[in-house]
file my_file.pdb (PDB, C-alpha atoms, pLDDT in the B column)
ATOM      1  CA  MET S 724     123.164 -14.323  91.397  1.00 51.00           C
ATOM      2  CA  LYS S 725     124.519 -10.778  91.090  1.00 48.00           C
ATOM      3  CA  ASN S 726     126.637 -11.766  88.071  1.00 52.00           C
ATOM      4  CA  ILE S 727     123.631 -13.371  86.358  1.00 52.00           C
ATOM      5  CA  LEU S 728     121.614 -10.174  86.857  1.00 47.00           C
ATOM      6  CA  ILE S 729     124.426  -8.034  85.398  1.00 49.00           C
ATOM      7  CA  LEU S 730     124.716 -10.402  82.419  1.00 47.00           C
ATOM      8  CA  PHE S 731     120.930 -10.248  81.840  1.00 45.00           C
ATOM      9  CA  LEU S 732     120.929  -6.441  81.919  1.00 45.00           C
ATOM     10  CA  ALA S 733     123.878  -6.303  79.499  1.00 46.00           C
ATOM     11  CA  ILE S 734     122.156  -8.638  77.029  1.00 46.00           C
ATOM     12  CA  THR S 735     118.899  -6.633  77.268  1.00 44.00           C
ATOM     13  CA  ALA S 736     120.745  -3.354  76.654  1.00 45.00           C
ATOM     14  CA  LEU S 737     122.563  -4.858  73.666  1.00 42.00           C
ATOM     15  CA  ALA S 738     119.299  -6.144  72.178  1.00 41.00           C
ATOM     16  CA  CYS S 739     117.677  -2.734  72.564  1.00 43.00           C
ATOM     17  CA  ALA S 740     120.667  -1.055  70.942  1.00 40.00           C
ATOM     18  CA  GLN S 741     120.447  -3.414  67.998  1.00 39.00           C
ATOM     19  CA  ASP S 742     116.711  -2.733  67.585  1.00 49.00           C
ATOM     20  CA  LYS S 743     117.302   1.021  67.511  1.00 62.00           C
ATOM     21  CA  GLN S 744     118.713   1.606  64.048  1.00 70.00           C
ATOM     22  CA  PRO S 745     120.451   4.878  63.187  1.00 79.00           C
ATOM     23  CA  ILE S 746     118.446   7.413  61.175  1.00 80.00           C
ATOM     24  CA  LEU S 747     119.548   7.158  57.551  1.00 81.00           C
ATOM     25  CA  GLY S 748     120.274  10.143  55.323  1.00 85.00           C
ATOM     26  CA  GLU S 749     123.042  11.887  53.423  1.00 88.00           C
ATOM     27  CA  THR S 750     122.051  15.364  54.667  1.00 95.00           C
ATOM     28  CA  ASP S 751     120.486  16.761  57.839  1.00 95.00           C
ATOM     29  CA  TRP S 752     117.250  17.342  55.900  1.00 97.00           C
ATOM     30  CA  GLN S 753     117.124  13.715  54.754  1.00 97.00           C
ATOM     31  CA  LYS S 754     117.752  12.489  58.310  1.00 97.00           C
ATOM     32  CA  GLN S 755     115.005  14.754  59.652  1.00 97.00           C
ATOM     33  CA  ILE S 756     112.400  13.618  57.126  1.00 97.00           C
ATOM     34  CA  ASN S 757     113.282   9.958  57.776  1.00 97.00           C
ATOM     35  CA  ALA S 758     112.953  10.558  61.532  1.00 96.00           C
ATOM     36  CA  ASP S 759     109.528  12.138  60.995  1.00 97.00           C
ATOM     37  CA  PHE S 760     108.408   9.194  58.849  1.00 96.00           C
ATOM     38  CA  LYS S 761     109.436   6.759  61.600  1.00 95.00           C
ATOM     39  CA  ASP S 762     107.546   8.766  64.231  1.00 95.00           C
ATOM     40  CA  ALA S 763     103.962   7.477  64.506  1.00 94.00           C
ATOM     41  CA  THR S 764     102.751  10.938  65.604  1.00 95.00           C
ATOM     42  CA  LYS S 765     104.113  12.630  62.449  1.00 95.00           C
ATOM     43  CA  SER S 766     104.365   9.948  59.783  1.00 97.00           C
ATOM     44  CA  PRO S 767     101.978   9.897  56.806  1.00 97.00           C
ATOM     45  CA  LEU S 768     102.753   6.202  56.293  1.00 96.00           C
ATOM     46  CA  LYS S 769     100.156   3.533  56.843  1.00 95.00           C
ATOM     47  CA  ASP S 770     100.895   1.385  59.904  1.00 94.00           C
ATOM     48  CA  LYS S 771     101.864  -1.606  57.769  1.00 93.00           C
ATOM     49  CA  ASP S 772     104.367   0.493  55.798  1.00 94.00           C
ATOM     50  CA  ARG S 773     105.811   2.232  58.855  1.00 93.00           C
ATOM     51  CA  LYS S 774     106.400  -1.091  60.620  1.00 91.00           C
ATOM     52  CA  ASP S 775     109.238  -2.054  58.254  1.00 88.00           C
ATOM     53  CA  PHE S 776     110.249   1.489  57.299  1.00 93.00           C
ATOM     54  CA  ILE S 777     114.021   2.069  57.165  1.00 93.00           C
ATOM     55  CA  GLY S 778     114.224   5.234  55.107  1.00 95.00           C
ATOM     56  CA  LEU S 779     112.979   6.996  51.999  1.00 96.00           C
ATOM     57  CA  ASP S 780     114.786   6.752  48.681  1.00 97.00           C
ATOM     58  CA  PHE S 781     116.532   9.973  47.703  1.00 97.00           C
ATOM     59  CA  PHE S 782     118.371  11.206  44.681  1.00 98.00           C
ATOM     60  CA  LYS S 783     121.998  11.892  45.621  1.00 97.00           C
ATOM     61  CA  PHE S 784     122.547  15.440  46.899  1.00 97.00           C
ATOM     62  CA  ASP S 785     123.741  17.676  44.069  1.00 97.00           C
ATOM     63  CA  SER S 786     124.578  21.357  44.570  1.00 97.00           C
ATOM     64  CA  VAL S 787     123.576  21.974  40.930  1.00 97.00           C
ATOM     65  CA  TYR S 788     119.979  21.833  42.164  1.00 98.00           C
ATOM     66  CA  VAL S 789     120.489  24.599  44.713  1.00 98.00           C
ATOM     67  CA  VAL S 790     119.477  27.558  42.576  1.00 98.00           C
ATOM     68  CA  TYR S 791     119.333  31.289  43.208  1.00 98.00           C
ATOM     69  CA  ALA S 792     116.265  32.631  41.453  1.00 98.00           C
ATOM     70  CA  THR S 793     115.001  36.115  40.758  1.00 98.00           C
ATOM     71  CA  LEU S 794     111.721  36.644  42.587  1.00 98.00           C
ATOM     72  CA  LYS S 795     109.148  38.812  40.822  1.00 98.00           C
ATOM     73  CA  ARG S 796     106.432  39.631  43.333  1.00 98.00           C
ATOM     74  CA  THR S 797     102.823  39.894  42.126  1.00 97.00           C
ATOM     75  CA  PRO S 798     101.069  41.763  44.973  1.00 96.00           C
ATOM     76  CA  ASP S 799      97.770  42.314  43.122  1.00 96.00           C
ATOM     77  CA  GLU S 800      96.941  38.633  42.702  1.00 97.00           C
ATOM     78  CA  LYS S 801      93.542  37.499  43.944  1.00 97.00           C
ATOM     79  CA  PRO S 802      93.210  34.444  46.209  1.00 97.00           C
ATOM     80  CA  PHE S 803      92.018  31.272  44.499  1.00 97.00           C
ATOM     81  CA  LYS S 804      90.994  27.717  45.283  1.00 97.00           C
ATOM     82  CA  MET S 805      93.716  25.225  44.399  1.00 97.00           C
ATOM     83  CA  LYS S 806      92.432  21.784  43.421  1.00 97.00           C
ATOM     84  CA  THR S 807      93.415  18.862  45.602  1.00 97.00           C
ATOM     85  CA  THR S 808      93.309  15.083  45.315  1.00 96.00           C
ATOM     86  CA  THR S 809      89.925  15.131  47.079  1.00 95.00           C
ATOM     87  CA  GLU S 810      86.889  17.403  46.766  1.00 96.00           C
ATOM     88  CA  ARG S 811      88.514  19.858  49.176  1.00 95.00           C
ATOM     89  CA  LEU S 812      89.686  23.147  47.691  1.00 96.00           C
ATOM     90  CA  ALA S 813      92.730  24.763  49.312  1.00 96.00           C
ATOM     91  CA  ASN S 814      93.058  28.537  49.805  1.00 97.00           C
ATOM     92  CA  TYR S 815      96.106  29.935  48.025  1.00 98.00           C
ATOM     93  CA  VAL S 816      97.374  33.125  46.468  1.00 98.00           C
ATOM     94  CA  LYS S 817     100.139  33.476  43.920  1.00 98.00           C
ATOM     95  CA  TYR S 818     102.948  35.381  45.645  1.00 98.00           C
ATOM     96  CA  GLY S 819     105.068  35.805  42.544  1.00 98.00           C
ATOM     97  CA  THR S 820     107.162  34.089  39.908  1.00 98.00           C
ATOM     98  CA  ILE S 821     110.719  32.836  40.166  1.00 98.00           C
ATOM     99  CA  VAL S 822     113.135  32.806  37.253  1.00 98.00           C
ATOM    100  CA  PHE S 823     116.341  30.766  37.315  1.00 98.00           C
ATOM    101  CA  GLU S 824     118.814  28.923  35.127  1.00 97.00           C
ATOM    102  CA  LEU S 825     119.237  25.154  35.229  1.00 95.00           C
ATOM    103  CA  SER S 826     120.737  22.737  32.700  1.00 88.00           C
ATOM    104  CA  GLY S 827     121.721  25.683  30.534  1.00 92.00           C
ATOM    105  CA  LYS S 828     118.149  26.941  30.176  1.00 96.00           C
ATOM    106  CA  GLU S 829     116.021  29.604  31.841  1.00 97.00           C
ATOM    107  CA  HIS S 830     112.975  28.378  33.751  1.00 98.00           C
ATOM    108  CA  GLU S 831     110.031  30.156  35.338  1.00 98.00           C
ATOM    109  CA  LEU S 832     107.664  28.874  38.029  1.00 98.00           C
ATOM    110  CA  ASN S 833     104.839  30.356  40.075  1.00 98.00           C
ATOM    111  CA  ILE S 834     105.325  30.392  43.836  1.00 98.00           C
ATOM    112  CA  TYR S 835     102.395  30.510  46.259  1.00 98.00           C
ATOM    113  CA  GLN S 836     101.248  31.236  49.783  1.00 98.00           C
ATOM    114  CA  ASN S 837      98.830  29.003  51.660  1.00 97.00           C
ATOM    115  CA  LEU S 838      96.363  31.492  53.170  1.00 96.00           C
ATOM    116  CA  ASP S 839      95.302  29.151  55.980  1.00 94.00           C
ATOM    117  CA  LEU S 840      98.910  28.407  56.931  1.00 94.00           C
ATOM    118  CA  LEU S 841      99.712  32.134  57.072  1.00 92.00           C
ATOM    119  CA  LYS S 842      97.603  32.374  60.223  1.00 90.00           C
ATOM    120  CA  LYS S 843      99.918  29.992  62.099  1.00 94.00           C
ATOM    121  CA  PRO S 844     102.867  31.447  64.041  1.00 95.00           C
ATOM    122  CA  GLY S 845     106.156  30.870  62.235  1.00 93.00           C
ATOM    123  CA  TYR S 846     104.596  30.616  58.781  1.00 95.00           C
ATOM    124  CA  GLU S 847     104.205  34.320  58.025  1.00 94.00           C
ATOM    125  CA  ASP S 848     107.001  34.175  55.404  1.00 96.00           C
ATOM    126  CA  TYR S 849     106.361  30.630  54.171  1.00 97.00           C
ATOM    127  CA  LEU S 850     106.235  29.989  50.415  1.00 98.00           C
ATOM    128  CA  PHE S 851     105.005  26.903  48.590  1.00 98.00           C
ATOM    129  CA  LEU S 852     106.537  25.723  45.313  1.00 98.00           C
ATOM    130  CA  PRO S 853     104.795  22.752  43.690  1.00 98.00           C
ATOM    131  CA  PHE S 854     106.366  21.511  40.458  1.00 98.00           C
ATOM    132  CA  LEU S 855     106.316  18.811  37.806  1.00 98.00           C
ATOM    133  CA  ASP S 856     109.408  17.656  35.909  1.00 98.00           C
ATOM    134  CA  ASN S 857     110.631  14.978  33.521  1.00 97.00           C
ATOM    135  CA  THR S 858     111.424  12.488  36.300  1.00 98.00           C
ATOM    136  CA  ASN S 859     107.733  12.148  37.256  1.00 97.00           C
ATOM    137  CA  GLY S 860     106.794   8.501  36.840  1.00 96.00           C
ATOM    138  CA  GLU S 861     110.422   7.716  35.990  1.00 95.00           C
ATOM    139  CA  GLY S 862     112.117   7.843  39.363  1.00 96.00           C
ATOM    140  CA  SER S 863     109.996  10.403  41.174  1.00 97.00           C
ATOM    141  CA  TYR S 864     106.329  10.494  42.150  1.00 97.00           C
ATOM    142  CA  SER S 865     104.092  10.805  39.094  1.00 96.00           C
ATOM    143  CA  GLY S 866     101.993  13.595  40.612  1.00 96.00           C
ATOM    144  CA  GLY S 867     104.898  15.994  41.091  1.00 98.00           C
ATOM    145  CA  ARG S 868     106.641  17.239  44.210  1.00 98.00           C
ATOM    146  CA  TYR S 869     106.820  20.233  46.537  1.00 98.00           C
ATOM    147  CA  VAL S 870     109.588  22.538  47.759  1.00 98.00           C
ATOM    148  CA  GLU S 871     109.308  24.969  50.661  1.00 98.00           C
ATOM    149  CA  ALA S 872     110.959  28.391  50.770  1.00 98.00           C
ATOM    150  CA  ARG S 873     110.901  31.589  52.790  1.00 97.00           C
ATOM    151  CA  ILE S 874     110.275  35.135  51.597  1.00 98.00           C
ATOM    152  CA  PRO S 875     113.664  36.831  51.125  1.00 97.00           C
ATOM    153  CA  GLU S 876     114.394  40.448  52.035  1.00 95.00           C
ATOM    154  CA  GLY S 877     115.465  41.257  48.491  1.00 96.00           C
ATOM    155  CA  ASP S 878     114.641  39.865  45.059  1.00 98.00           C
ATOM    156  CA  ILE S 879     116.889  36.792  45.138  1.00 98.00           C
ATOM    157  CA  ILE S 880     115.470  33.599  46.589  1.00 98.00           C
ATOM    158  CA  GLN S 881     117.252  30.301  47.200  1.00 98.00           C
ATOM    159  CA  ILE S 882     115.415  27.196  46.010  1.00 98.00           C
ATOM    160  CA  ASP S 883     116.926  23.870  47.045  1.00 98.00           C
ATOM    161  CA  PHE S 884     115.454  21.102  44.918  1.00 98.00           C
ATOM    162  CA  ASN S 885     117.394  18.618  47.073  1.00 98.00           C
ATOM    163  CA  THR S 886     114.577  19.176  49.590  1.00 98.00           C
ATOM    164  CA  ALA S 887     111.821  18.356  47.083  1.00 98.00           C
ATOM    165  CA  TYR S 888     109.354  16.032  48.778  1.00 98.00           C
ATOM    166  CA  ASN S 889     106.304  14.008  47.811  1.00 98.00           C
ATOM    167  CA  PRO S 890     102.743  14.961  48.745  1.00 97.00           C
ATOM    168  CA  TYR S 891     101.460  12.823  51.612  1.00 97.00           C
ATOM    169  CA  CYS S 892      99.016  11.273  49.105  1.00 95.00           C
ATOM    170  CA  ALA S 893     101.985   9.390  47.658  1.00 96.00           C
ATOM    171  CA  TYR S 894     102.041   7.377  50.883  1.00 97.00           C
ATOM    172  CA  ASN S 895      98.466   7.288  52.083  1.00 96.00           C
ATOM    173  CA  ASP S 896      95.231   8.005  50.213  1.00 93.00           C
ATOM    174  CA  LYS S 897      93.555   9.399  53.335  1.00 95.00           C
ATOM    175  CA  TYR S 898      95.319  12.726  52.732  1.00 96.00           C
ATOM    176  CA  SER S 899      94.077  15.626  50.627  1.00 96.00           C
ATOM    177  CA  CYS S 900      96.979  17.165  48.702  1.00 97.00           C
ATOM    178  CA  PRO S 901      97.238  20.187  46.393  1.00 97.00           C
ATOM    179  CA  ILE S 902      97.507  19.173  42.745  1.00 97.00           C
ATOM    180  CA  VAL S 903     100.502  20.751  41.021  1.00 98.00           C
ATOM    181  CA  PRO S 904      99.283  23.348  38.490  1.00 97.00           C
ATOM    182  CA  ARG S 905     100.266  22.359  34.929  1.00 97.00           C
ATOM    183  CA  GLU S 906     101.930  25.736  34.363  1.00 97.00           C
ATOM    184  CA  ASN S 907     104.483  24.753  37.007  1.00 98.00           C
ATOM    185  CA  THR S 908     106.110  22.151  34.772  1.00 98.00           C
ATOM    186  CA  LEU S 909     109.878  22.061  34.342  1.00 98.00           C
ATOM    187  CA  TYR S 910     110.795  20.473  31.030  1.00 96.00           C
ATOM    188  CA  THR S 911     113.983  18.983  32.426  1.00 97.00           C
ATOM    189  CA  ARG S 912     114.912  16.245  34.888  1.00 97.00           C
ATOM    190  CA  ILE S 913     115.160  17.321  38.519  1.00 98.00           C
ATOM    191  CA  GLU S 914     117.235  14.446  39.878  1.00 98.00           C
ATOM    192  CA  ALA S 915     117.136  15.730  43.434  1.00 98.00           C
ATOM    193  CA  GLY S 916     115.016  15.258  46.522  1.00 98.00           C
ATOM    194  CA  VAL S 917     112.735  12.348  47.390  1.00 98.00           C
ATOM    195  CA  LYS S 918     112.192   9.555  44.881  1.00 98.00           C
ATOM    196  CA  ALA S 919     108.944   7.647  44.300  1.00 97.00           C
ATOM    197  CA  PHE S 920     107.819   5.575  47.295  1.00 95.00           C
ATOM    198  CA  LYS S 921     108.117   1.829  46.913  1.00 82.00           C
ATOM    199  CA  LYS S 922     105.467   0.208  49.056  1.00 63.00           C
ATOM    200  CA  HIS S 923     106.136  -3.087  50.824  1.00 43.00           C
TER
END
call {"tool": "encode", "arguments": {"input": "my_file.pdb", "output": "structure tokens"}}
result
Amino acid sequence: MKNILILFLAITALACAQDKQPILGETDWQKQINADFKDATKSPLKDKDRKDFIGLDFFKFDSVYVVYATLKRTPDEKPFKMKTTTERLANYVKYGTIVFELSGKEHELNIYQNLDLLKKPGYEDYLFLPFLDNTNGEGSYSGGRYVEARIPEGDIIQIDFNTAYNPYCAYNDKYSCPIVPRENTLYTRIEAGVKAFKKH
């Protein structure tokens, strides 16, 4: 009887181990975002999509897309209402512009602060970089993607496009997401970060 019980417990443990799949991802960031998407308390996925979720599709990590940009602060900017995918208007202010080289060309983007997020502890130096590029609709989400950054002490800021992620609206239409301003278009392919989501 004791041996049967031990055998039963071993089989149960093995079955549980098989059910618990490892978190996929080439980098720590990819593993973290996949873990969040599997977690019902954090995931933007609809229940039916999360049920069979294994991992997001990513472009392969490429250090070419880790750029060091010159940050030009614009302290006199007035707050504005950024359009979203719903009737909601989000409170933002342009923090500055970033200038960097990529694919042999110089690029410039606006970088923003979310005024509501600034009130939350830990987000005092948070910057928001929404952008469009030539992969939109051809590998990446058609509405553009976002990158997060932190305010640097000096005038050089690191932007890692390998951490570019989709708005939650790409997964679930219940979310209200900032629409990428047209002036934040990169006329090159950013083959880095999260790819378009393929629904089941």
call {"tool": "resolve_selection", "arguments": {"input": "my_file.pdb", "expression": "the PyMOL selection byres ((chain S and resi 794) around 12)", "output": "VMD selection string"}}
result
chain S and resid 790 to 793 795 to 797 818 to 823 831 to 835 850 872 to 882
call {"tool": "residues_around", "arguments": {"input": "my_file.pdb", "residues": "S:Lys783", "least_positions_apart": "4", "cutoff": "9 Å", "atoms": "all atoms listed in the file", "output": "count of residues only"}}
result
5
call {"tool": "resolve_selection", "arguments": {"input": "my_file.pdb", "expression": "the PyMOL selection byres ((chain S and resi 890-900) around 9)", "output": "MDAnalysis selection string"}}
result
chainID S and resid 767:769 772 806:811 813 864:869 888:889 901:902 919:920 922
call {"tool": "residues_near_point", "arguments": {"input": "my_file.pdb", "point": "(118.6, 14.3, 54.0)", "cutoff": "12 Å", "atoms": "all atoms listed in the file", "output": "ChimeraX atom specification"}}
result
/S:746-759,778-785,883-888,915-917
call {"tool": "closest_residue", "arguments": {"input": "my_file.pdb", "among": "S:Val789, S:Asp775, S:Asn907, S:Ala763", "to": "S:Leu825", "atoms": "all atoms listed in the file"}}
result
S:Val789
call {"tool": "closest_residue", "arguments": {"input": "my_file.pdb", "among": "S:Val870, S:Lys774, S:Tyr849, S:Pro904", "to": "S:Lys804", "atoms": "only C-alpha atoms"}}
result
S:Pro904
call {"tool": "closest_residue", "arguments": {"input": "my_file.pdb", "among": "S:Lys828, S:Lys842, S:Asp848, S:Met805", "to": "S:Val903", "atoms": "all atoms listed in the file"}}
result
S:Met805
call {"tool": "atom_distance", "arguments": {"input": "my_file.pdb", "atom1": "atom CA of S:Lys843", "atom2": "atom CA of S:Glu800"}}
result
21.4 Å
call {"tool": "atom_distance", "arguments": {"input": "my_file.pdb", "atom1": "atom CA of S:Pro745", "atom2": "atom CA of S:Phe776"}}
result
12.3 Å
call {"tool": "closest_residue", "arguments": {"input": "my_file.pdb", "among": "S:Lys801, S:Arg905, S:Arg912, S:Lys921", "to": "S:Thr858", "atoms": "only C-alpha atoms"}}
result
S:Arg912
call {"tool": "closest_residue", "arguments": {"input": "my_file.pdb", "among": "S:Phe803, S:Phe854, S:Tyr788, S:Tyr846", "to": "S:Leu909", "atoms": "all atoms listed in the file"}}
result
S:Phe854
call {"tool": "atom_distance", "arguments": {"input": "my_file.pdb", "atom1": "atom CA of S:Asn837", "atom2": "atom CA of S:Leu855"}}
result
18.8 Å
call {"tool": "closest_residue", "arguments": {"input": "my_file.pdb", "among": "S:Val787, S:Leu840, S:Ile777, S:Val816", "to": "S:Asp799", "atoms": "all atoms listed in the file"}}
result
S:Val816
call {"tool": "axis_aligned_box", "arguments": {"input": "my_file.pdb", "around": "stretch 813-816 of chain S", "padding_each_side": "6 Å", "output": "AutoDock Vina command-line options"}}
result
--center_x 95.1 --center_y 28.9 --center_z 48.1 --size_x 16.6 --size_y 20.4 --size_z 15.3
call {"tool": "build_atoms", "arguments": {"input": "my_file.pdb", "residues": "stretch 877-887 of chain S", "atoms": "all heavy atoms", "output": "compact mmCIF listing (two decimals), keeping the file's coordinate frame"}}
result
# COMPACT_ATOMS: atom_id res chain seq x y z
N GLY S 877 115.30 40.64 49.80
CA GLY S 877 115.46 41.26 48.49
C GLY S 877 114.72 40.49 47.40
O GLY S 877 113.67 39.90 47.65
N ASP S 878 115.30 40.49 46.20
CA ASP S 878 114.64 39.86 45.06
C ASP S 878 115.30 38.56 44.63
O ASP S 878 114.97 38.01 43.58
CB ASP S 878 114.64 40.84 43.86
CG ASP S 878 113.81 42.09 44.16
OD1 ASP S 878 112.83 41.96 44.91
OD2 ASP S 878 114.17 43.17 43.65
N ILE S 879 116.24 38.07 45.44
CA ILE S 879 116.89 36.79 45.14
C ILE S 879 116.44 35.77 46.18
O ILE S 879 116.53 36.02 47.38
CB ILE S 879 118.43 36.91 45.14
CG1 ILE S 879 118.89 37.96 44.12
CG2 ILE S 879 119.07 35.55 44.84
CD1 ILE S 879 118.52 37.65 42.68
N ILE S 880 115.97 34.65 45.70
CA ILE S 880 115.47 33.60 46.59
C ILE S 880 116.19 32.29 46.30
O ILE S 880 116.41 31.94 45.14
CB ILE S 880 113.94 33.42 46.44
CG1 ILE S 880 113.40 32.40 47.44
CG2 ILE S 880 113.54 33.05 45.02
CD1 ILE S 880 111.88 32.37 47.52
N GLN S 881 116.60 31.60 47.37
CA GLN S 881 117.25 30.30 47.20
C GLN S 881 116.20 29.20 47.16
O GLN S 881 115.34 29.12 48.04
CB GLN S 881 118.24 30.02 48.33
CG GLN S 881 118.92 28.66 48.21
CD GLN S 881 119.87 28.37 49.35
OE1 GLN S 881 120.86 29.06 49.54
NE2 GLN S 881 119.56 27.34 50.13
N ILE S 882 116.29 28.37 46.13
CA ILE S 882 115.42 27.20 46.01
C ILE S 882 116.31 25.96 45.99
O ILE S 882 117.18 25.83 45.12
CB ILE S 882 114.57 27.24 44.72
CG1 ILE S 882 113.73 28.53 44.66
CG2 ILE S 882 113.70 26.00 44.60
CD1 ILE S 882 112.68 28.65 45.74
N ASP S 883 116.12 25.08 46.97
CA ASP S 883 116.93 23.87 47.04
C ASP S 883 116.07 22.67 46.64
O ASP S 883 115.29 22.15 47.43
CB ASP S 883 117.47 23.69 48.46
CG ASP S 883 118.44 22.52 48.57
OD1 ASP S 883 118.63 21.80 47.56
OD2 ASP S 883 119.00 22.32 49.66
N PHE S 884 116.23 22.24 45.39
CA PHE S 884 115.45 21.10 44.92
C PHE S 884 115.88 19.79 45.58
O PHE S 884 115.18 18.78 45.45
CB PHE S 884 115.56 20.99 43.39
CG PHE S 884 114.77 22.04 42.66
CD1 PHE S 884 115.42 23.11 42.06
CD2 PHE S 884 113.38 21.96 42.57
CE1 PHE S 884 114.69 24.09 41.37
CE2 PHE S 884 112.66 22.93 41.90
CZ PHE S 884 113.31 23.99 41.29
N ASN S 885 117.00 19.80 46.30
CA ASN S 885 117.39 18.62 47.07
C ASN S 885 116.42 18.35 48.22
O ASN S 885 116.43 17.27 48.81
CB ASN S 885 118.81 18.79 47.63
CG ASN S 885 119.86 18.80 46.53
OD1 ASN S 885 120.17 17.77 45.95
ND2 ASN S 885 120.40 19.97 46.24
N THR S 886 115.59 19.34 48.54
CA THR S 886 114.58 19.18 49.59
C THR S 886 113.18 18.98 49.00
O THR S 886 112.18 19.14 49.70
CB THR S 886 114.58 20.38 50.56
OG1 THR S 886 114.22 21.56 49.82
CG2 THR S 886 115.94 20.58 51.20
N ALA S 887 113.12 18.63 47.71
CA ALA S 887 111.82 18.36 47.08
C ALA S 887 111.23 17.09 47.70
O ALA S 887 111.91 16.06 47.80
CB ALA S 887 112.00 18.17 45.57
